[in-house]
$ cat structure_2.pdb   # PDB, C-alpha atoms, pLDDT in the B column
ATOM      1  CA  ASN A1361      11.418 -18.151   5.407  1.00 63.00           C
ATOM      2  CA  ALA A1362      14.585 -16.789   3.864  1.00 71.00           C
ATOM      3  CA  GLY A1363      15.278 -13.135   4.412  1.00 93.00           C
ATOM      4  CA  VAL A1364      16.768 -10.509   6.672  1.00 96.00           C
ATOM      5  CA  THR A1365      15.908 -10.680  10.350  1.00 96.00           C
ATOM      6  CA  GLN A1366      16.263  -7.673  12.620  1.00 96.00           C
ATOM      7  CA  THR A1367      15.906  -7.599  16.369  1.00 96.00           C
ATOM      8  CA  PRO A1368      14.514  -5.945  18.361  1.00 96.00           C
ATOM      9  CA  LYS A1369      11.565  -4.372  16.550  1.00 95.00           C
ATOM     10  CA  PHE A1370      11.180  -1.598  19.120  1.00 96.00           C
ATOM     11  CA  GLN A1371      13.584  -0.163  21.678  1.00 96.00           C
ATOM     12  CA  VAL A1372      13.642   2.773  24.042  1.00 97.00           C
ATOM     13  CA  LEU A1373      17.004   3.912  25.361  1.00 97.00           C
ATOM     14  CA  LYS A1374      18.101   6.582  27.776  1.00 97.00           C
ATOM     15  CA  THR A1375      20.670   9.095  26.619  1.00 97.00           C
ATOM     16  CA  GLY A1376      24.142   7.671  27.101  1.00 97.00           C
ATOM     17  CA  GLN A1377      23.133   4.015  27.061  1.00 97.00           C
ATOM     18  CA  SER A1378      24.646   1.623  24.563  1.00 96.00           C
ATOM     19  CA  MET A1379      23.014  -1.180  22.685  1.00 96.00           C
ATOM     20  CA  THR A1380      23.378  -3.459  19.676  1.00 97.00           C
ATOM     21  CA  LEU A1381      20.841  -3.850  16.900  1.00 98.00           C
ATOM     22  CA  GLN A1382      21.025  -7.334  15.499  1.00 97.00           C
ATOM     23  CA  CYS A1383      20.790  -8.262  11.828  1.00 97.00           C
ATOM     24  CA  ALA A1384      21.023 -11.701  10.286  1.00 97.00           C
ATOM     25  CA  GLN A1385      20.421 -12.965   6.750  1.00 97.00           C
ATOM     26  CA  ASP A1386      20.243 -16.516   5.472  1.00 95.00           C
ATOM     27  CA  MET A1387      20.572 -15.852   1.741  1.00 93.00           C
ATOM     28  CA  ASN A1388      24.384 -15.994   1.692  1.00 92.00           C
ATOM     29  CA  HIS A1389      24.518 -12.388   0.509  1.00 93.00           C
ATOM     30  CA  GLU A1390      27.949 -10.795   0.562  1.00 92.00           C
ATOM     31  CA  TYR A1391      26.772  -7.224   0.823  1.00 92.00           C
ATOM     32  CA  MET A1392      25.018  -5.927   3.940  1.00 94.00           C
ATOM     33  CA  SER A1393      24.124  -2.379   4.928  1.00 94.00           C
ATOM     34  CA  TRP A1394      22.531  -0.385   7.695  1.00 96.00           C
ATOM     35  CA  TYR A1395      20.266   2.536   6.862  1.00 95.00           C
ATOM     36  CA  ARG A1396      18.370   4.936   9.026  1.00 96.00           C
ATOM     37  CA  GLN A1397      15.070   6.446   7.974  1.00 95.00           C
ATOM     38  CA  ASP A1398      14.021   9.858   9.224  1.00 93.00           C
ATOM     39  CA  PRO A1399      10.977  11.880   8.133  1.00 85.00           C
ATOM     40  CA  GLY A1400      11.628  13.818   4.942  1.00 81.00           C
ATOM     41  CA  MET A1401      15.160  12.476   4.580  1.00 83.00           C
ATOM     42  CA  GLY A1402      14.667   9.129   2.932  1.00 87.00           C
ATOM     43  CA  LEU A1403      17.101   6.348   3.708  1.00 92.00           C
ATOM     44  CA  ARG A1404      20.625   7.293   4.699  1.00 92.00           C
ATOM     45  CA  LEU A1405      23.487   4.829   4.714  1.00 91.00           C
ATOM     46  CA  ILE A1406      25.242   4.376   8.076  1.00 94.00           C
ATOM     47  CA  HIS A1407      27.726   1.561   7.452  1.00 94.00           C
ATOM     48  CA  TYR A1408      28.062  -1.204   4.945  1.00 91.00           C
ATOM     49  CA  SER A1409      30.015  -4.406   4.430  1.00 92.00           C
ATOM     50  CA  VAL A1410      31.055  -6.162   1.232  1.00 89.00           C
ATOM     51  CA  GLY A1411      32.000  -9.398   2.956  1.00 91.00           C
ATOM     52  CA  ALA A1412      33.066 -10.972   6.229  1.00 93.00           C
ATOM     53  CA  GLY A1413      35.800  -8.894   7.850  1.00 93.00           C
ATOM     54  CA  ILE A1414      35.248  -5.889   5.552  1.00 91.00           C
ATOM     55  CA  THR A1415      33.258  -2.845   6.595  1.00 92.00           C
ATOM     56  CA  ASP A1416      33.171   0.788   5.561  1.00 90.00           C
ATOM     57  CA  GLN A1417      31.445   4.004   6.503  1.00 90.00           C
ATOM     58  CA  GLY A1418      28.425   5.376   4.771  1.00 88.00           C
ATOM     59  CA  GLU A1419      26.876   8.806   4.784  1.00 87.00           C
ATOM     60  CA  VAL A1420      26.107   9.132   8.536  1.00 94.00           C
ATOM     61  CA  PRO A1421      28.494   6.844  10.499  1.00 95.00           C
ATOM     62  CA  ASN A1422      29.146   8.952  13.596  1.00 96.00           C
ATOM     63  CA  GLY A1423      27.986   7.345  16.824  1.00 96.00           C
ATOM     64  CA  TYR A1424      27.735   3.857  15.318  1.00 97.00           C
ATOM     65  CA  ASN A1425      30.074   0.888  15.045  1.00 97.00           C
ATOM     66  CA  VAL A1426      29.769  -2.291  13.013  1.00 97.00           C
ATOM     67  CA  SER A1427      31.626  -5.535  12.571  1.00 96.00           C
ATOM     68  CA  ARG A1428      31.187  -8.472  10.207  1.00 97.00           C
ATOM     69  CA  SER A1429      32.640 -11.667  11.601  1.00 96.00           C
ATOM     70  CA  THR A1430      30.409 -13.950   9.546  1.00 96.00           C
ATOM     71  CA  THR A1431      28.568 -13.676   6.246  1.00 95.00           C
ATOM     72  CA  GLU A1432      25.235 -14.012   8.040  1.00 96.00           C
ATOM     73  CA  ASP A1433      25.482 -11.391  10.782  1.00 97.00           C
ATOM     74  CA  PHE A1434      25.984  -7.624  10.706  1.00 98.00           C
ATOM     75  CA  PRO A1435      25.254  -6.022  14.101  1.00 98.00           C
ATOM     76  CA  LEU A1436      25.049  -2.249  14.564  1.00 98.00           C
ATOM     77  CA  ARG A1437      26.304  -0.853  17.855  1.00 98.00           C
ATOM     78  CA  LEU A1438      25.266   2.462  19.331  1.00 96.00           C
ATOM     79  CA  LEU A1439      28.092   3.501  21.588  1.00 92.00           C
ATOM     80  CA  SER A1440      26.410   6.251  23.630  1.00 96.00           C
ATOM     81  CA  ALA A1441      22.852   6.887  22.525  1.00 96.00           C
ATOM     82  CA  ALA A1442      21.741  10.437  21.781  1.00 97.00           C
ATOM     83  CA  PRO A1443      18.251  11.802  21.031  1.00 97.00           C
ATOM     84  CA  SER A1444      19.450  12.531  17.477  1.00 96.00           C
ATOM     85  CA  GLN A1445      19.690   8.775  16.963  1.00 97.00           C
ATOM     86  CA  THR A1446      15.948   8.374  17.371  1.00 97.00           C
ATOM     87  CA  SER A1447      15.019   6.813  14.056  1.00 97.00           C
ATOM     88  CA  VAL A1448      13.907   3.691  12.248  1.00 97.00           C
ATOM     89  CA  TYR A1449      16.845   1.475  11.369  1.00 98.00           C
ATOM     90  CA  PHE A1450      16.858  -0.927   8.455  1.00 97.00           C
ATOM     91  CA  CYS A1451      19.317  -3.665   7.724  1.00 97.00           C
ATOM     92  CA  ALA A1452      19.561  -4.836   4.119  1.00 95.00           C
ATOM     93  CA  SER A1453      21.498  -7.400   2.136  1.00 94.00           C
ATOM     94  CA  ARG A1454      22.130  -8.230  -1.505  1.00 90.00           C
ATOM     95  CA  PRO A1455      24.514 -10.152  -3.742  1.00 87.00           C
ATOM     96  CA  PRO A1456      27.475  -8.218  -5.184  1.00 80.00           C
ATOM     97  CA  GLY A1457      26.975  -6.147  -8.312  1.00 72.00           C
ATOM     98  CA  SER A1458      24.679  -3.248  -8.931  1.00 63.00           C
ATOM     99  CA  PHE A1459      22.174  -5.442 -10.747  1.00 72.00           C
ATOM    100  CA  TYR A1460      20.654  -6.624  -7.495  1.00 77.00           C
ATOM    101  CA  GLY A1461      18.294  -4.658  -5.333  1.00 83.00           C
ATOM    102  CA  TYR A1462      18.400  -4.887  -1.590  1.00 89.00           C
ATOM    103  CA  THR A1463      16.336  -7.210   0.551  1.00 92.00           C
ATOM    104  CA  PHE A1464      15.391  -5.285   3.666  1.00 94.00           C
ATOM    105  CA  GLY A1465      14.650  -6.367   7.192  1.00 95.00           C
ATOM    106  CA  SER A1466      11.453  -5.244   8.884  1.00 93.00           C
ATOM    107  CA  GLY A1467      13.154  -2.413  10.747  1.00 95.00           C
ATOM    108  CA  THR A1468      13.907  -1.403  14.333  1.00 96.00           C
ATOM    109  CA  ARG A1469      12.171   1.643  15.739  1.00 96.00           C
ATOM    110  CA  LEU A1470      14.544   3.239  18.243  1.00 97.00           C
ATOM    111  CA  THR A1471      13.639   6.060  20.592  1.00 97.00           C
ATOM    112  CA  VAL A1472      16.293   7.773  22.685  1.00 97.00           C
ATOM    113  CA  VAL A1473      14.953   9.826  25.573  1.00 97.00           C
TER     114      VAL A1473
ATOM    115  CA  ALA B 199      27.771  13.724  -7.151  1.00 61.00           C
ATOM    116  CA  GLN B 200      24.921  11.392  -7.726  1.00 65.00           C
ATOM    117  CA  LYS B 201      21.509  12.420  -6.506  1.00 90.00           C
ATOM    118  CA  VAL B 202      17.925  11.196  -6.582  1.00 95.00           C
ATOM    119  CA  THR B 203      15.077  13.704  -6.397  1.00 95.00           C
ATOM    120  CA  GLN B 204      11.485  12.848  -5.644  1.00 96.00           C
ATOM    121  CA  ALA B 205       9.922  16.279  -5.662  1.00 95.00           C
ATOM    122  CA  GLN B 206       6.441  15.063  -4.719  1.00 96.00           C
ATOM    123  CA  THR B 207       6.380  14.733  -0.951  1.00 95.00           C
ATOM    124  CA  GLU B 208       2.785  13.545  -0.735  1.00 96.00           C
ATOM    125  CA  ILE B 209       0.073  12.772  -3.278  1.00 97.00           C
ATOM    126  CA  SER B 210      -3.587  12.065  -2.590  1.00 97.00           C
ATOM    127  CA  VAL B 211      -5.867  10.505  -5.169  1.00 97.00           C
ATOM    128  CA  VAL B 212      -9.288   8.970  -5.175  1.00 97.00           C
ATOM    129  CA  GLU B 213      -9.528   5.266  -5.800  1.00 97.00           C
ATOM    130  CA  LYS B 214      -9.474   4.278  -9.487  1.00 97.00           C
ATOM    131  CA  GLU B 215      -7.569   7.397 -10.513  1.00 97.00           C
ATOM    132  CA  ASP B 216      -4.215   7.016 -12.283  1.00 97.00           C
ATOM    133  CA  VAL B 217      -1.212   8.502 -10.523  1.00 97.00           C
ATOM    134  CA  THR B 218       2.403   9.089 -11.554  1.00 97.00           C
ATOM    135  CA  LEU B 219       5.275   9.303  -9.114  1.00 97.00           C
ATOM    136  CA  ASP B 220       8.253  11.246 -10.399  1.00 97.00           C
ATOM    137  CA  CYS B 221      11.920  10.381  -9.966  1.00 97.00           C
ATOM    138  CA  VAL B 222      14.770  12.448 -11.384  1.00 97.00           C
ATOM    139  CA  TYR B 223      18.376  11.380 -10.952  1.00 96.00           C
ATOM    140  CA  GLU B 224      21.840  12.770 -11.494  1.00 93.00           C
ATOM    141  CA  THR B 225      24.888  10.677 -12.231  1.00 89.00           C
ATOM    142  CA  ARG B 226      28.129  11.028 -14.144  1.00 86.00           C
ATOM    143  CA  ASP B 227      28.339   7.349 -14.978  1.00 84.00           C
ATOM    144  CA  THR B 228      27.061   5.675 -18.119  1.00 85.00           C
ATOM    145  CA  THR B 229      26.414   2.390 -16.314  1.00 83.00           C
ATOM    146  CA  TYR B 230      23.958   2.479 -13.459  1.00 86.00           C
ATOM    147  CA  TYR B 231      20.778   0.885 -12.160  1.00 89.00           C
ATOM    148  CA  LEU B 232      17.555   2.427 -10.964  1.00 92.00           C
ATOM    149  CA  PHE B 233      15.115   0.890  -8.510  1.00 93.00           C
ATOM    150  CA  TRP B 234      11.705   1.500  -7.031  1.00 95.00           C
ATOM    151  CA  TYR B 235      10.721   0.296  -3.551  1.00 95.00           C
ATOM    152  CA  LYS B 236       7.376   0.371  -1.778  1.00 96.00           C
ATOM    153  CA  GLN B 237       6.981   0.920   1.974  1.00 95.00           C
ATOM    154  CA  PRO B 238       3.406   0.142   3.051  1.00 94.00           C
ATOM    155  CA  PRO B 239       2.072   1.299   6.438  1.00 92.00           C
ATOM    156  CA  SER B 240       3.415  -1.889   8.013  1.00 90.00           C
ATOM    157  CA  GLY B 241       6.898  -0.442   7.498  1.00 90.00           C
ATOM    158  CA  GLU B 242       8.811  -3.028   5.497  1.00 90.00           C
ATOM    159  CA  LEU B 243      10.520  -2.067   2.251  1.00 93.00           C
ATOM    160  CA  VAL B 244       9.532  -4.101  -0.775  1.00 92.00           C
ATOM    161  CA  PHE B 245      11.509  -4.194  -4.020  1.00 90.00           C
ATOM    162  CA  LEU B 246       9.333  -3.394  -7.047  1.00 91.00           C
ATOM    163  CA  ILE B 247      11.517  -3.014 -10.115  1.00 89.00           C
ATOM    164  CA  ARG B 248      15.049  -2.589 -11.414  1.00 88.00           C
ATOM    165  CA  ARG B 249      16.107  -0.919 -14.666  1.00 88.00           C
ATOM    166  CA  ASN B 250      19.617  -0.645 -16.105  1.00 86.00           C
ATOM    167  CA  SER B 251      20.932   2.402 -17.889  1.00 86.00           C
ATOM    168  CA  PHE B 252      21.072   0.644 -21.257  1.00 85.00           C
ATOM    169  CA  ASP B 253      17.465  -0.440 -21.318  1.00 81.00           C
ATOM    170  CA  GLU B 254      15.016   2.354 -22.017  1.00 78.00           C
ATOM    171  CA  GLN B 255      12.063   0.140 -22.714  1.00 77.00           C
ATOM    172  CA  ASN B 256       9.045   0.920 -20.633  1.00 79.00           C
ATOM    173  CA  GLU B 257       7.824  -1.861 -18.425  1.00 79.00           C
ATOM    174  CA  ILE B 258       4.331  -2.812 -17.393  1.00 82.00           C
ATOM    175  CA  SER B 259       3.413  -5.173 -14.603  1.00 83.00           C
ATOM    176  CA  GLY B 260      -0.308  -5.342 -14.011  1.00 89.00           C
ATOM    177  CA  ARG B 261      -1.448  -1.895 -12.905  1.00 92.00           C
ATOM    178  CA  TYR B 262       2.153  -0.697 -12.510  1.00 93.00           C
ATOM    179  CA  SER B 263       4.235   0.808 -15.295  1.00 91.00           C
ATOM    180  CA  TRP B 264       7.602   2.500 -15.408  1.00 91.00           C
ATOM    181  CA  ASN B 265       8.832   5.099 -17.873  1.00 92.00           C
ATOM    182  CA  PHE B 266      12.616   5.427 -18.083  1.00 92.00           C
ATOM    183  CA  GLN B 267      13.965   8.346 -20.128  1.00 92.00           C
ATOM    184  CA  LYS B 268      17.704   8.937 -20.165  1.00 90.00           C
ATOM    185  CA  SER B 269      17.274  12.206 -22.059  1.00 91.00           C
ATOM    186  CA  THR B 270      15.502  13.740 -19.060  1.00 94.00           C
ATOM    187  CA  SER B 271      17.198  11.547 -16.397  1.00 94.00           C
ATOM    188  CA  SER B 272      13.831  10.387 -15.177  1.00 95.00           C
ATOM    189  CA  PHE B 273      12.403   7.065 -14.047  1.00 95.00           C
ATOM    190  CA  ASN B 274       8.730   7.675 -13.360  1.00 95.00           C
ATOM    191  CA  PHE B 275       6.278   5.201 -11.888  1.00 94.00           C
ATOM    192  CA  THR B 276       2.604   5.112 -12.833  1.00 95.00           C
ATOM    193  CA  ILE B 277      -0.160   3.260 -11.034  1.00 95.00           C
ATOM    194  CA  THR B 278      -3.272   2.774 -13.147  1.00 95.00           C
ATOM    195  CA  ALA B 279      -6.678   2.521 -11.499  1.00 96.00           C
ATOM    196  CA  SER B 280      -5.227   3.058  -8.034  1.00 96.00           C
ATOM    197  CA  GLN B 281      -6.500   1.073  -5.081  1.00 97.00           C
ATOM    198  CA  VAL B 282      -6.466   1.745  -1.357  1.00 96.00           C
ATOM    199  CA  VAL B 283      -3.845  -1.002  -0.970  1.00 96.00           C
ATOM    200  CA  ASP B 284      -1.478   1.122  -3.054  1.00 97.00           C
ATOM    201  CA  SER B 285      -1.263   3.602  -0.193  1.00 97.00           C
ATOM    202  CA  ALA B 286       2.388   3.613   0.810  1.00 97.00           C
ATOM    203  CA  VAL B 287       5.624   5.533   0.633  1.00 96.00           C
ATOM    204  CA  TYR B 288       7.485   4.889  -2.601  1.00 97.00           C
ATOM    205  CA  PHE B 289      11.237   5.282  -2.887  1.00 96.00           C
ATOM    206  CA  CYS B 290      13.330   5.626  -5.997  1.00 96.00           C
ATOM    207  CA  ALA B 291      16.991   4.608  -5.770  1.00 94.00           C
ATOM    208  CA  LEU B 292      20.105   4.790  -7.927  1.00 92.00           C
ATOM    209  CA  SER B 293      23.201   2.607  -7.833  1.00 86.00           C
ATOM    210  CA  GLU B 294      26.451   3.339  -9.542  1.00 73.00           C
ATOM    211  CA  PRO B 295      29.996   1.950  -9.244  1.00 72.00           C
ATOM    212  CA  THR B 296      32.518   3.463  -6.870  1.00 70.00           C
ATOM    213  CA  THR B 297      36.264   3.697  -7.359  1.00 71.00           C
ATOM    214  CA  SER B 298      36.745   0.810  -4.924  1.00 69.00           C
ATOM    215  CA  GLY B 299      34.777  -1.533  -7.140  1.00 71.00           C
ATOM    216  CA  THR B 300      31.667  -1.634  -4.982  1.00 73.00           C
ATOM    217  CA  TYR B 301      28.321  -0.030  -5.722  1.00 73.00           C
ATOM    218  CA  LYS B 302      26.799   2.879  -3.903  1.00 74.00           C
ATOM    219  CA  TYR B 303      23.049   3.199  -3.525  1.00 85.00           C
ATOM    220  CA  ILE B 304      21.359   6.552  -3.135  1.00 88.00           C
ATOM    221  CA  PHE B 305      17.698   6.738  -2.162  1.00 92.00           C
ATOM    222  CA  GLY B 306      15.304   9.582  -2.816  1.00 94.00           C
ATOM    223  CA  THR B 307      13.345  11.078   0.054  1.00 93.00           C
ATOM    224  CA  GLY B 308      10.221   9.176  -0.929  1.00 95.00           C
ATOM    225  CA  THR B 309       6.702  10.058  -2.054  1.00 96.00           C
ATOM    226  CA  ARG B 310       3.786   9.261   0.247  1.00 96.00           C
ATOM    227  CA  LEU B 311       0.793   8.121  -1.788  1.00 98.00           C
ATOM    228  CA  LYS B 312      -2.640   8.178  -0.194  1.00 97.00           C
ATOM    229  CA  VAL B 313      -5.437   6.499  -2.093  1.00 97.00           C
ATOM    230  CA  LEU B 314      -8.820   7.478  -0.739  1.00 96.00           C
ATOM    231  CA  ALA B 315     -11.828   5.196  -1.009  1.00 94.00           C
TER     232      ALA B 315
END

$ encode --input "structure_2.pdb" --output "C-alpha cells"
Amino acid sequence: NAGVTQTPKFQVLKTGQSMTLQCAQDMNHEYMSWYRQDPGMGLRLIHYSVGAGITDQGEVPNGYNVSRSTTEDFPLRLLSAAPSQTSVYFCASRPPGSFYGYTFGSGTRLTVV
Amino acid sequence: AQKVTQAQTEISVVEKEDVTLDCVYETRDTTYYLFWYKQPPSGELVFLIRRNSFDEQNEISGRYSWNFQKSTSSFNFTITASQVVDSAVYFCALSEPTTSGTYKYIFGTGTRLKVLA
C-alpha cells in the first residue's frame, strides 16, 4: 500500500549512542518532514525537506541531522542520544503547496535511558 | 507569529452526546489553510479535513461537521452522536506561506476526547 513507512517502530538507546530513524514514501511527494510528539506539546517540527538535496531546520533541530539524497527517503539521525530526546517521532510527506495535508508514518517510539 | 490554540486538553463525554472541539488560530496572512487530524489509540495520524481561508462554508461529513469563522479566527470541530470509536486525540493545524516560498505548518497541542460507553 502506498504511504509513509517508518522503521523501527520502537527503539531503546543508551545515552550517547547514535542511531538513524528511517523514513520512506512511495507517493513521489516532494515535501517531507520529521516531527516529534511529546505530551502536552503537540507536534513540533525538527527538520524538513522540500526536495532531494534540500533540507532546512524546523522548530527543534538541535541534536538531529537529516539528508535527502532521493525523493523517497528522508532519514533522521540522532548524533548522541540524550534522555530529552525520548519521544514519539513521526515522518510525514505531502506534495508542494499549502493545499495538501500531510500523510504521516506510523511513528517511532524512542526511549533514551 | 502564527499560533494554533486548542484550549481543551481533555474532554469526556458519554456515548451519543454531541461534542465540539475548539481551535483558535493566529496568523497575519490572508491566505492560509486549516486542517484537522485524528490520532486514535493506535498512534497513527489521520487527515480529516482541510479548509482554505477564502471558504467559510461549514462542512458536514456524516457525524462530523466543521465550523470555520474568520471573524473569530476559529475552526471548530463537532462530532454528533459520539461513539466510542471517536475516542482519540484531535489536532488542529495551520499552514501559511513563508518568505522562502514554502509553507510552514503549525500544530495545536491536541485535545484528547474520551467517549464513554

$ interface_residues --input "structure_2.pdb" --of "chain B" --to "chain A" --cutoff "9 Å" --atoms "only C-alpha atoms" --output "compact mmCIF listing (two decimals) with C-alpha atoms, in the frame of the given file"
# COMPACT_ATOMS: atom_id res chain seq x y z
CA THR B 207 6.38 14.73 -0.95
CA TYR B 230 23.96 2.48 -13.46
CA TYR B 231 20.78 0.88 -12.16
CA PHE B 233 15.12 0.89 -8.51
CA SER B 240 3.42 -1.89 8.01
CA GLY B 241 6.90 -0.44 7.50
CA GLU B 242 8.81 -3.03 5.50
CA LEU B 243 10.52 -2.07 2.25
CA VAL B 244 9.53 -4.10 -0.78
CA PHE B 245 11.51 -4.19 -4.02
CA ILE B 247 11.52 -3.01 -10.12
CA ARG B 248 15.05 -2.59 -11.41
CA ARG B 249 16.11 -0.92 -14.67
CA ASN B 250 19.62 -0.64 -16.10
CA PHE B 289 11.24 5.28 -2.89
CA SER B 293 23.20 2.61 -7.83
CA GLU B 294 26.45 3.34 -9.54
CA PRO B 295 30.00 1.95 -9.24
CA THR B 300 31.67 -1.63 -4.98
CA TYR B 301 28.32 -0.03 -5.72
CA LYS B 302 26.80 2.88 -3.90
CA TYR B 303 23.05 3.20 -3.52
CA ILE B 304 21.36 6.55 -3.14
CA PHE B 305 17.70 6.74 -2.16
CA GLY B 306 15.30 9.58 -2.82
CA THR B 307 13.34 11.08 0.05
CA GLY B 308 10.22 9.18 -0.93

$ closest_residue --input "structure_2.pdb" --among "A:Met1392, A:Val1473, A:Leu1381, A:Ile1406" --to "A:Arg1428" --atoms "only C-alpha atoms"
A:Met1392

$ atom_distance --input "structure_2.pdb" --atom1 "atom CA of B:Val202" --atom2 "atom CA of A:Gly1411"
26.7 Å

$ atom_distance --input "structure_2.pdb" --atom1 "atom CA of A:Cys1383" --atom2 "atom CA of A:Thr1367"
6.7 Å

$ residues_near_point --input "structure_2.pdb" --point "(15.9, 0.5, 23.6)" --cutoff "8 Å" --atoms "all atoms listed in the file" --output "PyMOL selection string"
chain A and resi 1370-1374+1379+1470-1472

$ residues_near_point --input "structure_2.pdb" --point "(2.6, 1.5, -15.8)" --cutoff "9 Å" --atoms "only C-alpha atoms" --output "PyMOL selection string"
chain B and resi 218+256-265+275-278

$ atom_distance --input "structure_2.pdb" --atom1 "atom CA of B:Thr225" --atom2 "atom CA of B:Ala205"
17.3 Å

$ residues_around --input "structure_2.pdb" --residues "B:Phe252" --least-positions-apart "5" --cutoff "12 Å" --atoms "only C-alpha atoms" --output "ChimeraX atom specification"
/B:227-232,266-268

$ resolve_selection --input "structure_2.pdb" --expression "the PyMOL selection byres ((chain A and resi 1426) around 12)" --output "PyMOL selection string"
chain A and resi 1379-1383+1392-1394+1406-1409+1412-1418+1421-1425+1427-1429+1433-1439+1451

$ axis_aligned_box --input "structure_2.pdb" --around "stretch 1410-1422 of chain A" --padding-each-side "6 Å" --output "JSON"
{"center_x": 31.0, "center_y": -0.9, "center_z": 7.4, "size_x": 21.7, "size_y": 32.1, "size_z": 24.4}

$ resolve_selection --input "structure_2.pdb" --expression "the PyMOL selection byres ((chain A and resi 1440) around 7)" --output "PyMOL selection string"
chain A and resi 1376-1378+1438-1439+1441-1442

$ resolve_selection --input "structure_2.pdb" --expression "the PyMOL selection byres ((chain B and resi 283) around 12)" --output "MDAnalysis selection string"
chainID B and resid 213:214 236:240 277 279:282 284:287 311:315

$ closest_residue --input "structure_2.pdb" --among "B:Ser251, B:Asn274, B:Thr296, B:Ser210" --to "B:Val222" --atoms "only C-alpha atoms"
B:Asn274

$ build_atoms --input "structure_2.pdb" --residues "stretch 289-295 of chain B" --atoms "all heavy atoms" --output "PDB file, in the frame of the given file"
ATOM      1  N   PHE B 289       9.873   4.771  -2.782  1.00 96.00           N
ATOM      2  CA  PHE B 289      11.237   5.282  -2.887  1.00 96.00           C
ATOM      3  C   PHE B 289      11.845   4.903  -4.225  1.00 96.00           C
ATOM      4  O   PHE B 289      11.735   3.759  -4.671  1.00 96.00           O
ATOM      5  CB  PHE B 289      12.127   4.702  -1.781  1.00 96.00           C
ATOM      6  CG  PHE B 289      11.808   5.205  -0.408  1.00 96.00           C
ATOM      7  CD1 PHE B 289      10.986   4.479   0.440  1.00 96.00           C
ATOM      8  CD2 PHE B 289      12.335   6.405   0.042  1.00 96.00           C
ATOM      9  CE1 PHE B 289      10.693   4.930   1.711  1.00 96.00           C
ATOM     10  CE2 PHE B 289      12.050   6.867   1.312  1.00 96.00           C
ATOM     11  CZ  PHE B 289      11.219   6.133   2.151  1.00 96.00           C
ATOM     12  N   CYS B 290      12.520   5.860  -4.813  1.00 96.00           N
ATOM     13  CA  CYS B 290      13.330   5.626  -5.997  1.00 96.00           C
ATOM     14  C   CYS B 290      14.785   5.579  -5.549  1.00 96.00           C
ATOM     15  O   CYS B 290      15.178   6.284  -4.607  1.00 96.00           O
ATOM     16  CB  CYS B 290      13.103   6.789  -6.978  1.00 96.00           C
ATOM     17  SG  CYS B 290      14.008   6.685  -8.518  1.00 96.00           S
ATOM     18  N   ALA B 291      15.591   4.736  -6.168  1.00 94.00           N
ATOM     19  CA  ALA B 291      16.991   4.608  -5.770  1.00 94.00           C
ATOM     20  C   ALA B 291      17.874   4.434  -6.998  1.00 94.00           C
ATOM     21  O   ALA B 291      17.440   3.920  -8.030  1.00 94.00           O
ATOM     22  CB  ALA B 291      17.179   3.426  -4.810  1.00 94.00           C
ATOM     23  N   LEU B 292      19.117   4.853  -6.845  1.00 92.00           N
ATOM     24  CA  LEU B 292      20.105   4.790  -7.927  1.00 92.00           C
ATOM     25  C   LEU B 292      21.349   4.082  -7.411  1.00 92.00           C
ATOM     26  O   LEU B 292      21.793   4.342  -6.290  1.00 92.00           O
ATOM     27  CB  LEU B 292      20.471   6.217  -8.354  1.00 92.00           C
ATOM     28  CG  LEU B 292      21.729   6.440  -9.192  1.00 92.00           C
ATOM     29  CD1 LEU B 292      21.530   5.902 -10.606  1.00 92.00           C
ATOM     30  CD2 LEU B 292      22.087   7.918  -9.247  1.00 92.00           C
ATOM     31  N   SER B 293      21.916   3.185  -8.201  1.00 86.00           N
ATOM     32  CA  SER B 293      23.201   2.607  -7.833  1.00 86.00           C
ATOM     33  C   SER B 293      24.197   2.880  -8.946  1.00 86.00           C
ATOM     34  O   SER B 293      23.836   2.870 -10.120  1.00 86.00           O
ATOM     35  CB  SER B 293      23.097   1.105  -7.593  1.00 86.00           C
ATOM     36  OG  SER B 293      23.015   0.412  -8.808  1.00 86.00           O
ATOM     37  N   GLU B 294      25.400   3.151  -8.557  1.00 73.00           N
ATOM     38  CA  GLU B 294      26.451   3.339  -9.542  1.00 73.00           C
ATOM     39  C   GLU B 294      27.760   2.863  -8.937  1.00 73.00           C
ATOM     40  O   GLU B 294      27.902   2.813  -7.711  1.00 73.00           O
ATOM     41  CB  GLU B 294      26.546   4.796  -9.977  1.00 73.00           C
ATOM     42  CG  GLU B 294      26.974   5.761  -8.906  1.00 73.00           C
ATOM     43  CD  GLU B 294      27.157   7.173  -9.456  1.00 73.00           C
ATOM     44  OE1 GLU B 294      26.604   7.485 -10.516  1.00 73.00           O
ATOM     45  OE2 GLU B 294      27.860   7.955  -8.804  1.00 73.00           O
ATOM     46  N   PRO B 295      28.738   2.493  -9.767  1.00 72.00           N
ATOM     47  CA  PRO B 295      29.996   1.950  -9.244  1.00 72.00           C
ATOM     48  C   PRO B 295      30.831   3.020  -8.562  1.00 72.00           C
ATOM     49  O   PRO B 295      30.812   4.185  -8.936  1.00 72.00           O
ATOM     50  CB  PRO B 295      30.690   1.417 -10.494  1.00 72.00           C
ATOM     51  CG  PRO B 295      30.070   2.152 -11.633  1.00 72.00           C
ATOM     52  CD  PRO B 295      28.678   2.466 -11.226  1.00 72.00           C
TER      53      PRO B 295
END
